[in-house]
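Engineer: This is the structure I want to talk about, given as structure tokens.
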Amino acid sequence: MTTRRVFLHVGAPKTGTTYVQDRLTRNARSLARHGVHVPTGSPLVTPALFHFRAALDLLGQDWGGAPGHAEGAWDALVRKVRKLSGTVVVSHEILAPATPAQIARAKRDLGGEGVELHVVYSARDLARQVPAAWQESIKQGRKWSYRRYLARTREGRPWFSRAFDLPTVLDRWGADLPPERVHLVTVPPRRVVAQRSDELWLRFCSALAIDPAWAPRESDRANQSLGIAETQVVRRLNRRMDRATRREASYDELIREMLAQEALVGRRSTPVLLPPDMYPWAEEQAERWISWARGSGVHVVGDLEELRPGPAPEEWRDPDRVPPKQQVNVALDALAAMTREAARRDDPEQALWRRARTHLERLRKP
């Protein structure tokens, strides 16, 4: 007898996962009243952060925080899941390229007797996916050129390119699961989103067997992409910092969140696009993906044809060749944002002195 259904959403990166996870978080209480649970560690830790640390621990990784910050997080998540009944949703996109051994452990820990385990995977056409992943890698601290990144992606070398390969990911994660418990969600193209802004959420609701009415609170959070000038400036900034600095939690807070997610988004900058000469490769991959999905019997939510790239751009700008004047303007905006942030924060020495003075005044009181 099934007492728990676990939906494990494993990615892929840059397929609206930030938006979906934020909407799950915002509606966690409402969903719980309907027997749908998004486990978290404590009121001070969001489900997204809790699941991120758990995924890092499962994969044997340790980045995005202080050393050791993910240690024990997977076991903590498993304990939370096992205490719940009904439907449980676990979500993080870095799980997609997990090894067979790591996947086996995840299934063993989250599945078992009385548990109906499902895997959910979201996919997007490579003409949108590949450029978005490059600028995201720059936001995460990488410093490679677009040309080098594209070459390595075609070879399948970076972990996120392995996370994008739909047949590989679902062959691994779907092994030993009935195909009806493997759910493939296609990310709607812009023309569909223009008609219905929450179309991606509605597709996830269908995959997770959630009534959209159970999650009325909308999300305005999205992991927005940068343009070519903004990405180039952040990349050059990364090149000026050592690896240890780029791995610190403060980098993630200042560069990825404050600068690349806020100060430098929304500018009228040329977007990062897939080069026209790579479209035949993207179309070939899409055909392979679609053929695999149709023959696999997995549950598809959306339209498989949406995985095909649209027409190649008539004009294409090389992100590695941004005019210096454009970069200077972006750099000045970034410097202004950093200056405002520095002015907003307390001076550590002044803050320490205030705390010491307060403590002395308390000791002097009779």
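By convention here, the chains of the structure tokens are called A, B, ... in the order presented, each chain's residues are numbered starting at 1, and ligands are numbered starting at 1 in the order presented.
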Please build the interface table for range 97-163 of chain A against range 46-57 of chain A with a cut-off of 12 Å, listing for each qualifying residue the nearest atom pair and the distance in Å to one decimal; count only C-alpha atoms, order rows by chain and increasing number, and write it as a Markdown table.

Structural biologist:
| residue | atom | partner | partner_atom | distance |
| --- | --- | --- | --- | --- |
| A:Pro97 | CA | A:Ala55 | CA | 11.2 |
| A:Ala98 | CA | A:Ala55 | CA | 9.5 |
| A:Gln102 | CA | A:Ala55 | CA | 10.1 |
| A:Ile103 | CA | A:Ala55 | CA | 11.0 |
| A:Arg105 | CA | A:Ala55 | CA | 11.8 |
| A:Ala106 | CA | A:Ala55 | CA | 9.6 |

Engineer: Which polymer residues have any atom within 7 Å of an atom of range 321-338 of chain A, counting only C-alpha atoms, with same-chain residues fewer than 6 positions away left out, as a list of chain:residue names?

Structural biologist: A:Ala229, A:Glu230, A:Val233, A:Leu259, A:Ala263

Engineer: For those residues, write C-alpha atoms to a file as a short mmCIF file (atom, residue, chain, number, x, y, z; two decimals), in the first residue's frame.

Structural biologist:
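File written: out-v3.cif
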data_model
loop_
_atom_site.label_atom_id
_atom_site.label_comp_id
_atom_site.auth_asym_id
_atom_site.auth_seq_id
_atom_site.Cartn_x
_atom_site.Cartn_y
_atom_site.Cartn_z
CA ALA A 229 28.28 43.29 -22.55
CA GLU A 230 27.21 42.51 -18.99
CA VAL A 233 32.29 42.51 -17.75
CA LEU A 259 25.21 42.46 -9.36
CA ALA A 263 22.07 45.73 -11.00
#

Engineer: May I have the residues within 12 Å of range 147-163 of chain A as a VMD selection string, using only C-alpha atoms and disregarding those fewer than 3 positions away in the same chain?

Structural biologist: chain A and resid 10 to 15 59 92 to 99 121 to 124 126 to 127 129 to 138 142 to 144 166 to 170 172 to 173 273 to 275 277 to 282 284 to 285 318 to 321

Engineer: Report as a list in words all protein, DNA and RNA residues lying within 10 Å of Lys80 in chain A, evaluated on only C-alpha atoms, omitting residues in the same chain fewer than 5 positions from it.

Structural biologist: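 Here the qualifying residues turn out to be Val38, Pro39, Thr40, Gly41, Trp74, Asp75 and Val88 of chain A.
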